[in-house]
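Source file final25.cif; content: mmCIF, C-alpha atoms.
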data_upload
loop_
_atom_site.group_PDB
_atom_site.id
_atom_site.type_symbol
_atom_site.label_atom_id
_atom_site.label_comp_id
_atom_site.auth_asym_id
_atom_site.auth_seq_id
_atom_site.Cartn_x
_atom_site.Cartn_y
_atom_site.Cartn_z
ATOM 1 C CA MET X 1 0.000 0.000 0.000
ATOM 2 C CA LEU X 2 1.335 3.387 -0.942
ATOM 3 C CA ILE X 3 1.617 6.078 1.653
ATOM 4 C CA THR X 4 2.938 9.608 1.662
ATOM 5 C CA CYS X 5 6.427 10.166 3.019
ATOM 6 C CA PRO X 6 6.090 12.412 6.063
ATOM 7 C CA GLU X 7 9.442 14.057 5.217
ATOM 8 C CA CYS X 8 9.364 14.752 1.485
ATOM 9 C CA GLY X 9 5.734 13.960 0.579
ATOM 10 C CA HIS X 10 6.532 11.445 -2.139
ATOM 11 C CA GLN X 11 4.598 8.237 -2.504
ATOM 12 C CA VAL X 12 6.307 5.223 -0.977
ATOM 13 C CA SER X 13 5.268 1.683 -0.058
ATOM 14 C CA ASP X 14 4.413 1.186 3.571
ATOM 15 C CA GLN X 15 6.623 -1.945 3.484
ATOM 16 C CA ALA X 16 9.787 0.000 2.443
ATOM 17 C CA LYS X 17 12.423 0.440 5.129
ATOM 18 C CA THR X 18 13.400 3.909 3.934
ATOM 19 C CA CYS X 19 12.024 6.553 1.537
ATOM 20 C CA PRO X 20 13.787 6.258 -1.819
ATOM 21 C CA SER X 21 13.712 10.025 -2.179
ATOM 22 C CA CYS X 22 14.872 11.375 1.162
ATOM 23 C CA GLY X 23 16.136 8.223 2.977
ATOM 24 C CA ILE X 24 13.935 8.662 6.049
ATOM 25 C CA GLU X 25 13.111 5.438 7.775
ATOM 26 C CA ILE X 26 9.665 4.194 6.806
ATOM 27 C CA ALA X 27 9.083 0.662 8.010
ATOM 28 C CA GLY X 28 7.510 0.625 11.421
ATOM 29 C CA LYS X 29 7.754 4.409 11.691
ATOM 30 C CA VAL X 30 4.901 5.655 9.470
ATOM 31 C CA ASN X 31 1.386 4.246 9.641
ATOM 32 C CA SER X 32 -1.314 4.604 6.966
ATOM 33 C CA ARG X 33 -3.919 6.469 9.066
ATOM 34 C CA PRO X 34 -3.070 9.931 7.650
ATOM 35 C CA GLN X 35 -3.695 8.513 4.200
ATOM 36 C CA ARG X 36 -7.117 7.404 5.265
ATOM 37 C CA LYS X 37 -7.839 10.876 6.707
ATOM 38 C CA HIS X 38 -6.703 12.428 3.448
ATOM 39 C CA ARG X 39 -9.037 10.211 1.491
ATOM 40 C CA THR X 40 -11.912 11.069 3.800
ATOM 41 C CA ALA X 41 -11.305 14.785 3.240
ATOM 42 C CA ILE X 42 -11.313 14.293 -0.512
ATOM 43 C CA THR X 43 -14.523 12.325 -0.283
ATOM 44 C CA VAL X 44 -16.173 15.084 1.791
ATOM 45 C CA LEU X 45 -14.982 17.665 -0.714
ATOM 46 C CA ILE X 46 -16.386 15.711 -3.647
ATOM 47 C CA VAL X 47 -19.705 15.145 -1.903
ATOM 48 C CA SER X 48 -19.913 18.832 -0.984
ATOM 49 C CA PHE X 49 -19.218 19.778 -4.575
ATOM 50 C CA ILE X 50 -21.899 17.440 -5.834
ATOM 51 C CA VAL X 51 -24.419 18.762 -3.307
ATOM 52 C CA ALA X 52 -23.549 22.343 -4.247
ATOM 53 C CA LEU X 53 -23.889 21.500 -7.917
ATOM 54 C CA ILE X 54 -27.279 19.946 -7.290
ATOM 55 C CA VAL X 55 -28.387 23.027 -5.360
ATOM 56 C CA VAL X 56 -27.212 25.304 -8.187
ATOM 57 C CA LEU X 57 -28.955 23.161 -10.787
ATOM 58 C CA LEU X 58 -32.137 23.133 -8.727
ATOM 59 C CA CYS X 59 -31.978 26.932 -8.387
ATOM 60 C CA LEU X 60 -31.432 27.279 -12.110
ATOM 61 C CA TYR X 61 -34.355 24.952 -12.750
ATOM 62 C CA PHE X 62 -36.689 26.877 -10.466
ATOM 63 C CA VAL X 63 -35.549 30.234 -11.910
ATOM 64 C CA ARG X 64 -36.037 28.957 -15.442
ATOM 65 C CA ASN X 65 -39.381 27.476 -14.563
ATOM 66 C CA GLN X 66 -40.484 30.781 -12.988
ATOM 67 C CA GLU X 67 -39.365 32.666 -16.107
ATOM 68 C CA GLN X 68 -41.361 30.288 -18.272
ATOM 69 C CA GLN X 69 -44.428 30.743 -16.078
ATOM 70 C CA ASN X 70 -44.037 34.515 -16.217
ATOM 71 C CA GLU X 71 -43.669 34.389 -20.004
ATOM 72 C CA LYS X 72 -46.737 32.170 -20.312
ATOM 73 C CA ARG X 73 -48.866 34.531 -18.210
ATOM 74 C CA ALA X 74 -47.569 37.545 -20.115
ATOM 75 C CA TYR X 75 -48.359 35.799 -23.405
ATOM 76 C CA GLU X 76 -51.905 34.924 -22.348
ATOM 77 C CA ASN X 77 -52.559 38.468 -21.100
ATOM 78 C CA ALA X 78 -51.143 39.988 -24.286
ATOM 79 C CA MET X 79 -53.290 37.762 -26.499
ATOM 80 C CA LYS X 80 -56.382 38.909 -24.596
ATOM 81 C CA SER X 81 -55.419 42.571 -24.782
ATOM 82 C CA SER X 82 -56.600 45.122 -27.323
ATOM 83 C CA GLU X 83 -53.809 47.552 -26.475
ATOM 84 C CA PRO X 84 -50.947 47.511 -29.028
ATOM 85 C CA GLN X 85 -48.509 48.817 -26.386
ATOM 86 C CA ILE X 86 -49.004 45.719 -24.230
ATOM 87 C CA LEU X 87 -48.169 43.464 -27.168
ATOM 88 C CA GLU X 88 -45.119 45.534 -28.077
ATOM 89 C CA ASN X 89 -43.909 45.333 -24.464
ATOM 90 C CA TYR X 90 -44.172 41.547 -24.578
ATOM 91 C CA LEU X 91 -42.055 41.380 -27.731
ATOM 92 C CA ASN X 92 -39.435 43.664 -26.178
ATOM 93 C CA ILE X 93 -39.242 41.879 -22.824
ATOM 94 C CA TYR X 94 -39.500 38.260 -23.962
ATOM 95 C CA ALA X 95 -37.089 38.189 -26.862
ATOM 96 C CA GLU X 96 -36.282 34.535 -26.077
ATOM 97 C CA ALA X 97 -39.908 33.411 -25.872
ATOM 98 C CA PRO X 98 -41.026 30.425 -27.966
ATOM 99 C CA ALA X 99 -41.252 31.292 -31.652
ATOM 100 C CA CYS X 100 -44.903 30.254 -31.798
ATOM 101 C CA HIS X 101 -45.745 32.725 -29.007
ATOM 102 C CA ARG X 102 -43.895 35.609 -30.634
ATOM 103 C CA ASP X 103 -45.487 34.830 -34.011
ATOM 104 C CA SER X 104 -48.963 34.831 -32.441
ATOM 105 C CA ILE X 105 -48.289 38.138 -30.703
ATOM 106 C CA ARG X 106 -47.059 39.689 -33.962
ATOM 107 C CA SER X 107 -50.168 38.504 -35.793
ATOM 108 C CA HIS X 108 -52.395 39.865 -33.034
ATOM 109 C CA LEU X 109 -50.542 43.179 -33.106
ATOM 110 C CA GLU X 110 -50.921 43.452 -36.877
ATOM 111 C CA ALA X 111 -54.657 42.746 -36.535
ATOM 112 C CA LEU X 112 -54.998 45.536 -33.959
ATOM 113 C CA GLN X 113 -53.093 47.930 -36.196
ATOM 114 C CA ARG X 114 -55.366 47.052 -39.124
ATOM 115 C CA ALA X 115 -58.382 47.643 -36.890
ATOM 116 C CA ASP X 116 -57.052 51.079 -35.925
ATOM 117 C CA SER X 117 -56.530 51.924 -39.589
ATOM 118 C CA ASP X 118 -60.024 50.716 -40.540
ATOM 119 C CA TRP X 119 -61.509 52.700 -37.642
ATOM 120 C CA ALA X 120 -59.799 55.872 -38.874
ATOM 121 C CA ASP X 121 -61.240 55.232 -42.352
ATOM 122 C CA ALA X 122 -64.734 54.731 -40.908
ATOM 123 C CA LEU X 123 -64.506 58.005 -38.994
ATOM 124 C CA VAL X 124 -63.519 59.846 -42.166
ATOM 125 C CA SER X 125 -66.390 58.265 -44.120
ATOM 126 C CA ASN X 126 -68.873 58.805 -41.256
ATOM 127 C CA THR X 127 -71.621 56.626 -42.770
ATOM 128 C CA SER X 128 -73.640 53.771 -41.329
ATOM 129 C CA TYR X 129 -72.257 51.482 -44.027
ATOM 130 C CA ALA X 130 -68.659 52.302 -43.081
ATOM 131 C CA PHE X 131 -69.225 51.614 -39.381
ATOM 132 C CA GLU X 132 -71.195 48.429 -40.109
ATOM 133 C CA ARG X 133 -68.339 47.209 -42.314
ATOM 134 C CA PHE X 134 -65.885 47.972 -39.505
ATOM 135 C CA LEU X 135 -67.930 45.922 -37.026
ATOM 136 C CA LYS X 136 -68.119 43.043 -39.482
ATOM 137 C CA LEU X 137 -64.333 43.040 -39.885
ATOM 138 C CA HIS X 138 -63.507 43.712 -36.216
ATOM 139 C CA PRO X 139 -66.383 42.541 -33.981
ATOM 140 C CA GLN X 140 -64.162 42.403 -30.877
ATOM 141 C CA SER X 141 -62.543 45.816 -31.352
ATOM 142 C CA ILE X 142 -62.353 48.334 -28.531
ATOM 143 C CA HIS X 143 -64.219 50.664 -30.902
ATOM 144 C CA SER X 144 -67.225 48.341 -31.325
ATOM 145 C CA VAL X 145 -69.390 50.166 -28.770
ATOM 146 C CA GLU X 146 -68.563 53.547 -30.285
ATOM 147 C CA ALA X 147 -69.337 52.157 -33.754
ATOM 148 C CA ASP X 148 -72.787 51.030 -32.555
ATOM 149 C CA ILE X 149 -73.441 54.512 -31.158
ATOM 150 C CA LYS X 150 -72.349 56.100 -34.441
ATOM 151 C CA ILE X 151 -74.657 53.830 -36.474
ATOM 152 C CA ASP X 152 -77.581 54.584 -34.165
ATOM 153 C CA SER X 153 -77.036 58.333 -34.457
ATOM 154 C CA LEU X 154 -76.563 58.336 -38.233
ATOM 155 C CA ASP X 155 -79.669 56.206 -38.814
ATOM 156 C CA TRP X 156 -81.689 58.555 -36.622
ATOM 157 C CA VAL X 157 -80.532 61.622 -38.560
ATOM 158 C CA ALA X 158 -81.403 59.863 -41.826
ATOM 159 C CA ALA X 159 -84.892 59.048 -40.527
ATOM 160 C CA LEU X 160 -85.423 62.663 -39.455
ATOM 161 C CA ASN X 161 -84.337 63.961 -42.844
ATOM 162 C CA GLU X 162 -86.658 61.580 -44.696
ATOM 163 C CA ASN X 163 -89.467 62.129 -42.168
ATOM 164 C CA THR X 164 -91.695 59.304 -43.395
ATOM 165 C CA ILE X 165 -93.515 56.445 -41.740
ATOM 166 C CA ASP X 166 -91.281 53.937 -43.513
ATOM 167 C CA ALA X 167 -88.104 55.751 -42.397
ATOM 168 C CA PHE X 168 -89.044 55.832 -38.707
ATOM 169 C CA GLN X 169 -90.313 52.246 -38.824
ATOM 170 C CA ALA X 170 -87.004 51.165 -40.361
ATOM 171 C CA TYR X 171 -85.116 52.900 -37.534
ATOM 172 C CA LEU X 172 -87.272 51.170 -34.900
ATOM 173 C CA ASN X 173 -86.758 47.779 -36.560
ATOM 174 C CA ARG X 174 -82.963 48.189 -36.611
ATOM 175 C CA HIS X 175 -82.576 49.842 -33.199
ATOM 176 C CA ASN X 176 -85.108 48.364 -30.793
ATOM 177 C CA ASP X 177 -82.857 49.531 -27.946
ATOM 178 C CA GLY X 178 -81.552 52.662 -29.694
ATOM 179 C CA SER X 179 -80.981 55.992 -27.981
ATOM 180 C CA TYR X 180 -83.749 57.590 -30.057
ATOM 181 C CA TYR X 181 -86.300 54.792 -29.816
ATOM 182 C CA ASP X 182 -88.908 56.812 -27.878
ATOM 183 C CA GLU X 183 -88.520 59.815 -30.170
ATOM 184 C CA ALA X 184 -88.847 57.614 -33.245
ATOM 185 C CA ARG X 185 -91.983 56.008 -31.820
ATOM 186 C CA ALA X 186 -93.516 59.444 -31.180
ATOM 187 C CA LYS X 187 -92.635 60.617 -34.698
ATOM 188 C CA LEU X 188 -94.113 57.455 -36.181
ATOM 189 C CA GLU X 189 -97.363 57.858 -34.280
ATOM 190 C CA GLN X 190 -97.572 61.490 -35.354
ATOM 191 C CA LEU X 191 -97.090 60.629 -39.013
ATOM 192 C CA GLU X 192 -99.543 57.749 -38.805
ATOM 193 C CA SER X 193 -102.123 60.127 -37.382
ATOM 194 C CA GLN X 194 -101.522 62.308 -40.443
ATOM 195 C CA LYS X 195 -101.888 59.421 -42.845
ATOM 196 C CA LEU X 196 -104.812 59.953 -45.146
ATOM 197 C CA SER X 197 -107.363 57.162 -45.201
ATOM 198 C CA PRO X 198 -109.239 56.235 -48.412
ATOM 199 C CA ASP X 199 -112.508 57.415 -46.838
ATOM 200 C CA GLU X 200 -111.001 60.804 -45.954
ATOM 201 C CA ARG X 201 -109.646 61.224 -49.465
ATOM 202 C CA GLN X 202 -113.026 60.357 -50.967
ATOM 203 C CA MET X 203 -114.765 62.842 -48.647
ATOM 204 C CA VAL X 204 -112.520 65.690 -49.842
ATOM 205 C CA ILE X 205 -113.090 64.799 -53.501
ATOM 206 C CA GLN X 206 -116.867 64.599 -53.059
ATOM 207 C CA THR X 207 -117.018 67.923 -51.182
ATOM 208 C CA CYS X 208 -115.014 69.806 -53.818
ATOM 209 C CA THR X 209 -116.920 68.133 -56.662
ATOM 210 C CA ALA X 210 -120.230 69.091 -55.020
ATOM 211 C CA TYR X 211 -119.039 72.687 -54.709
ATOM 212 C CA PHE X 212 -118.206 72.981 -58.424
ATOM 213 C CA ASN X 213 -121.427 71.229 -59.441
ATOM 214 C CA ALA X 214 -123.454 73.694 -57.361
ATOM 215 C CA LEU X 215 -121.402 76.597 -58.775
ATOM 216 C CA ALA X 216 -122.105 75.471 -62.342
ATOM 217 C CA GLN X 217 -125.827 74.951 -61.693
ATOM 218 C CA MET X 218 -126.334 78.149 -59.656
ATOM 219 C CA ASP X 219 -127.690 76.071 -56.758
ATOM 220 C CA GLU X 220 -127.360 78.357 -53.735
ATOM 221 C CA ALA X 221 -128.527 75.773 -51.200
ATOM 222 C CA ALA X 222 -126.185 73.088 -52.457
ATOM 223 C CA LEU X 223 -123.355 75.610 -52.658
ATOM 224 C CA SER X 224 -123.915 76.797 -49.089
ATOM 225 C CA ALA X 225 -123.945 73.184 -47.900
ATOM 226 C CA THR X 226 -120.316 72.812 -48.994
ATOM 227 C CA LEU X 227 -119.013 75.992 -47.319
ATOM 228 C CA ALA X 228 -117.899 76.855 -43.794
ATOM 229 C CA PRO X 229 -119.738 79.892 -42.364
ATOM 230 C CA VAL X 230 -116.543 81.938 -42.603
ATOM 231 C CA MET X 231 -113.720 80.940 -44.952
ATOM 232 C CA THR X 232 -110.145 81.921 -44.105
ATOM 233 C CA SER X 233 -109.645 82.698 -47.808
ATOM 234 C CA PHE X 234 -111.846 82.643 -50.896
ATOM 235 C CA LEU X 235 -110.247 83.740 -54.167
ATOM 236 C CA HIS X 236 -107.601 85.385 -51.938
ATOM 237 C CA ARG X 237 -110.183 87.315 -49.964
ATOM 238 C CA ALA X 238 -109.767 86.774 -46.227
ATOM 239 C CA ASN X 239 -112.683 85.896 -43.926
ATOM 240 C CA ALA X 240 -115.141 85.434 -46.789
ATOM 241 C CA THR X 241 -118.716 84.426 -45.980
ATOM 242 C CA LYS X 242 -121.174 82.231 -47.815
ATOM 243 C CA ASP X 243 -122.798 85.397 -49.197
ATOM 244 C CA ASP X 244 -119.460 86.395 -50.753
ATOM 245 C CA VAL X 245 -119.304 83.049 -52.553
ATOM 246 C CA ILE X 246 -122.925 83.296 -53.719
ATOM 247 C CA GLN X 247 -122.251 86.775 -55.111
ATOM 248 C CA TYR X 248 -119.249 85.370 -57.006
ATOM 249 C CA MET X 249 -121.468 82.611 -58.448
ATOM 250 C CA GLN X 250 -124.079 85.118 -59.607
ATOM 251 C CA LYS X 251 -121.426 87.275 -61.216
ATOM 252 C CA LEU X 252 -119.904 84.215 -62.918
ATOM 253 C CA HIS X 253 -123.181 83.407 -64.694
ATOM 254 C CA GLU X 254 -123.426 86.278 -67.176
ATOM 255 C CA PRO X 255 -126.699 86.854 -69.051
ATOM 256 C CA ASN X 256 -125.356 85.369 -72.305
ATOM 257 C CA ILE X 257 -124.429 82.043 -70.673
ATOM 258 C CA ASN X 258 -126.840 79.219 -71.414
ATOM 259 C CA SER X 259 -125.088 76.545 -69.303
ATOM 260 C CA MET X 260 -121.876 75.931 -67.468
ATOM 261 C CA GLU X 261 -119.994 72.812 -66.390
ATOM 262 C CA PHE X 262 -116.984 72.263 -64.124
ATOM 263 C CA THR X 263 -115.228 68.915 -64.508
ATOM 264 C CA PRO X 264 -112.361 67.946 -62.172
ATOM 265 C CA ASN X 265 -109.522 66.341 -64.141
ATOM 266 C CA GLY X 266 -108.884 63.638 -61.547
ATOM 267 C CA ASP X 267 -105.419 64.853 -60.586
ATOM 268 C CA TRP X 268 -106.302 65.070 -56.914
ATOM 269 C CA ASN X 269 -103.493 65.620 -54.442
ATOM 270 C CA VAL X 270 -104.907 65.387 -50.924
ATOM 271 C CA GLU X 271 -102.882 65.951 -47.754
ATOM 272 C CA LYS X 272 -103.969 65.468 -44.150
ATOM 273 C CA LEU X 273 -102.903 68.231 -41.770
ATOM 274 C CA VAL X 274 -102.809 67.640 -38.004
ATOM 275 C CA LEU X 275 -102.798 71.013 -36.291
ATOM 276 C CA SER X 276 -102.251 71.969 -32.677
ATOM 277 C CA GLU X 277 -104.507 70.338 -30.086
ATOM 278 C CA GLY X 278 -105.280 67.560 -32.575
ATOM 279 C CA HIS X 279 -107.328 69.632 -35.030
ATOM 280 C CA ILE X 280 -107.420 68.118 -38.506
ATOM 281 C CA LEU X 281 -107.788 69.709 -41.926
ATOM 282 C CA PHE X 282 -107.457 68.340 -45.443
ATOM 283 C CA LYS X 283 -105.620 70.302 -48.093
ATOM 284 C CA THR X 284 -106.075 69.450 -51.749
ATOM 285 C CA THR X 285 -104.808 70.697 -55.081
ATOM 286 C CA PHE X 286 -106.284 69.687 -58.432
ATOM 287 C CA THR X 287 -107.252 71.105 -61.801
ATOM 288 C CA VAL X 288 -110.796 71.633 -63.045
ATOM 289 C CA ALA X 289 -111.995 72.270 -66.608
ATOM 290 C CA GLN X 290 -114.713 74.859 -67.215
ATOM 291 C CA ASN X 291 -116.971 74.571 -70.286
ATOM 292 C CA ILE X 292 -119.532 77.243 -71.151
ATOM 293 C CA GLU X 293 -122.381 77.399 -73.649
ATOM 294 C CA ARG X 294 -122.934 80.993 -74.709
ATOM 295 C CA SER X 295 -125.356 82.690 -76.988
ATOM 296 C CA ASP X 296 -122.426 84.725 -78.185
ATOM 297 C CA GLU X 297 -120.158 82.097 -79.712
ATOM 298 C CA SER X 298 -117.373 84.625 -80.247
ATOM 299 C CA ARG X 299 -116.781 84.693 -76.526
ATOM 300 C CA GLU X 300 -114.475 82.289 -74.719
ATOM 301 C CA ASN X 301 -116.190 79.041 -73.824
ATOM 302 C CA SER X 302 -113.582 77.010 -71.930
ATOM 303 C CA ALA X 303 -110.767 77.302 -69.429
ATOM 304 C CA VAL X 304 -108.737 75.221 -66.973
ATOM 305 C CA TYR X 305 -108.073 76.305 -63.403
ATOM 306 C CA LYS X 306 -105.660 75.094 -60.795
ATOM 307 C CA VAL X 307 -107.521 74.884 -57.489
ATOM 308 C CA THR X 308 -106.198 74.869 -53.935
ATOM 309 C CA ALA X 309 -108.776 74.083 -51.265
ATOM 310 C CA VAL X 310 -108.930 73.223 -47.582
ATOM 311 C CA VAL X 311 -111.726 71.021 -46.218
ATOM 312 C CA ASN X 312 -112.509 70.343 -42.551
ATOM 313 C CA PRO X 313 -113.699 66.982 -41.104
ATOM 314 C CA ASP X 314 -117.312 68.277 -41.261
ATOM 315 C CA HIS X 315 -117.120 68.183 -45.086
ATOM 316 C CA LEU X 316 -117.022 71.979 -45.319
ATOM 317 C CA ILE X 317 -114.635 74.029 -47.437
ATOM 318 C CA THR X 318 -112.735 76.527 -45.265
ATOM 319 C CA GLU X 319 -110.463 77.870 -48.008
ATOM 320 C CA LEU X 320 -110.602 77.886 -51.811
ATOM 321 C CA ASN X 321 -108.454 79.708 -54.340
ATOM 322 C CA MET X 322 -108.296 79.321 -58.114
ATOM 323 C CA LYS X 323 -105.779 80.311 -60.741
ATOM 324 C CA ARG X 324 -106.245 79.997 -64.451
ATOM 325 C CA SER X 325 -103.487 77.666 -65.630
ATOM 326 C CA VAL X 326 -104.225 76.529 -69.212
ATOM 327 C CA GLN X 327 -105.834 78.220 -72.156
ATOM 328 C CA PRO X 328 -107.373 75.526 -74.375
#
This structure in structure tokens:
Amino acid sequence: MLITCPECGHQVSDQAKTCPSCGIEIAGKVNSRPQRKHRTAITVLIVSFIVALIVVLLCLYFVRNQEQQNEKRAYENAMKSSEPQILENYLNIYAEAPACHRDSIRSHLEALQRADSDWADALVSNTSYAFERFLKLHPQSIHSVEADIKIDSLDWVAALNENTIDAFQAYLNRHNDGSYYDEARAKLEQLESQKLSPDERQMVIQTCTAYFNALAQMDEAALSATLAPVMTSFLHRANATKDDVIQYMQKLHEPNINSMEFTPNGDWNVEKLVLSEGHILFKTTFTVAQNIERSDESRENSAVYKVTAVVNPDHLITELNMKRSVQP
């Protein structure tokens, strides 16, 4: 068994009498116990090194694992975010992240940038179509709520400008929870109350036709039956009475006239007017042809007049004005 010479430190057999290097007596003088102590120290050192290495490796593992967990959480949060800055921060901080994660973040960032560009285009266009197209392309955008508000507002303005039953009904159908729903409903009800029924239209036509028939036939009773006691305007005369109309009829029938006929041309335009406090009037415009039989054939025997009249719900004319429009 080799031992270390206590004098010079060289290796020498424990059976040698003297050290070959320094000549010190070996046999019986040096025992092998120090060698065993030396080996024990080396063993302790090796074990300590291995333990330390394991500790370091474990620390590195836990640190790496924590970094991976942090990166995973940051990735998940970034993918859920609609803020480009959050995605850019991820790319800057986690440069060593898995390629699939970085590629997903880049794609998400590009999508957000496209959405911002499309939103800017929609704002410039400022039409319902533009905002609807934006929502179709980017339903999860941070601008989706604002786009809905814009569409609601633009559709309401369009309905107001058109101001028809169909326009307000279309708004209500599209925006049953819109900001202007109550106003649209009120407007719709108002317009529906102004909608002319077939019976109301026929009443106006019959009243005006009866007036011109009575005027042609010089029938004072029938003429009076079509007139309000006081007319707001008759042939541009304000506050005219039935007597004023009868005087006009008498003046119209000159002595040389044998017969007279007024024939409406059928071009009736009737409008229902809803006034304050719910009062209703009917305004109509139409043309009427006048034909006259005269004893003096050299005189004019025909004419066409454009008539504007207002009739109340009691079948009475409250306003009537005529203007000669065509010379046959």
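Selection by the PyMOL selection byres ((chain X and resi 271) around 7) on the present file picks out Leu196, Asn269, Val270, Lys272, Leu273, Phe282, Lys283 and Thr284 of chain X.
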| Written as a ChimeraX atom specification, which residues does the PyMOL selection byres ((chain X and resi 281) around 12) give for the file shown? | /X:194-196,200-201,203-204,270-276,278-280,282-284,309-319
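Interatomic distance, CA of Ser107 (chain X) to CA of Pro139 (chain X): 16.8 Å.
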| message | Can you translate the PyMOL selection byres ((chain X and resi 12) around 6) into the concrete residues it hits in this file, as a ChimeraX atom specification? | response | /X:2-3,11,13
| Which of X:Glu189, X:Asp155, X:Ala99, X:Phe234 sits closest to His175 (chain X) [using all atoms listed in the file] | X:Asp155
| said: With all atoms listed in the file as the counted atoms, please give the residues lying no more than 9 Å from Cys19 (chain X), apart from itself and same-chain residues fewer than 5 positions off, as a PyMOL selection string. | reply: chain X and resi 5+7-8+10-13+24-26
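When CA of Asn176 (chain X) is paired with CA of Val124 (chain X), their separation reads 27.0 Å.
The space between CA of Cys208 (chain X) and CA of Glu261 (chain X) spans 13.9 Å.
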| request: Show which residues sit within 12 Å of Arg73 (chain X), as a ChimeraX atom specification. Count only C-alpha atoms, and ignore same-chain residues fewer than 6 positions away. | output: /X:66-67,79-80,90,94,97,101
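Of the residues listed (X:Asn321, X:Ser224, X:Asn77, X:Ser141), X:Asn321 shows the shortest atom-to-atom separation from Arg237 (chain X); distances use all atoms listed in the file.
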| Pick from X:Ser82, X:Asn239, X:Thr287, X:Thr209, whichever lies nearest to Gln140 (chain X) using all atoms listed in the file | X:Ser82
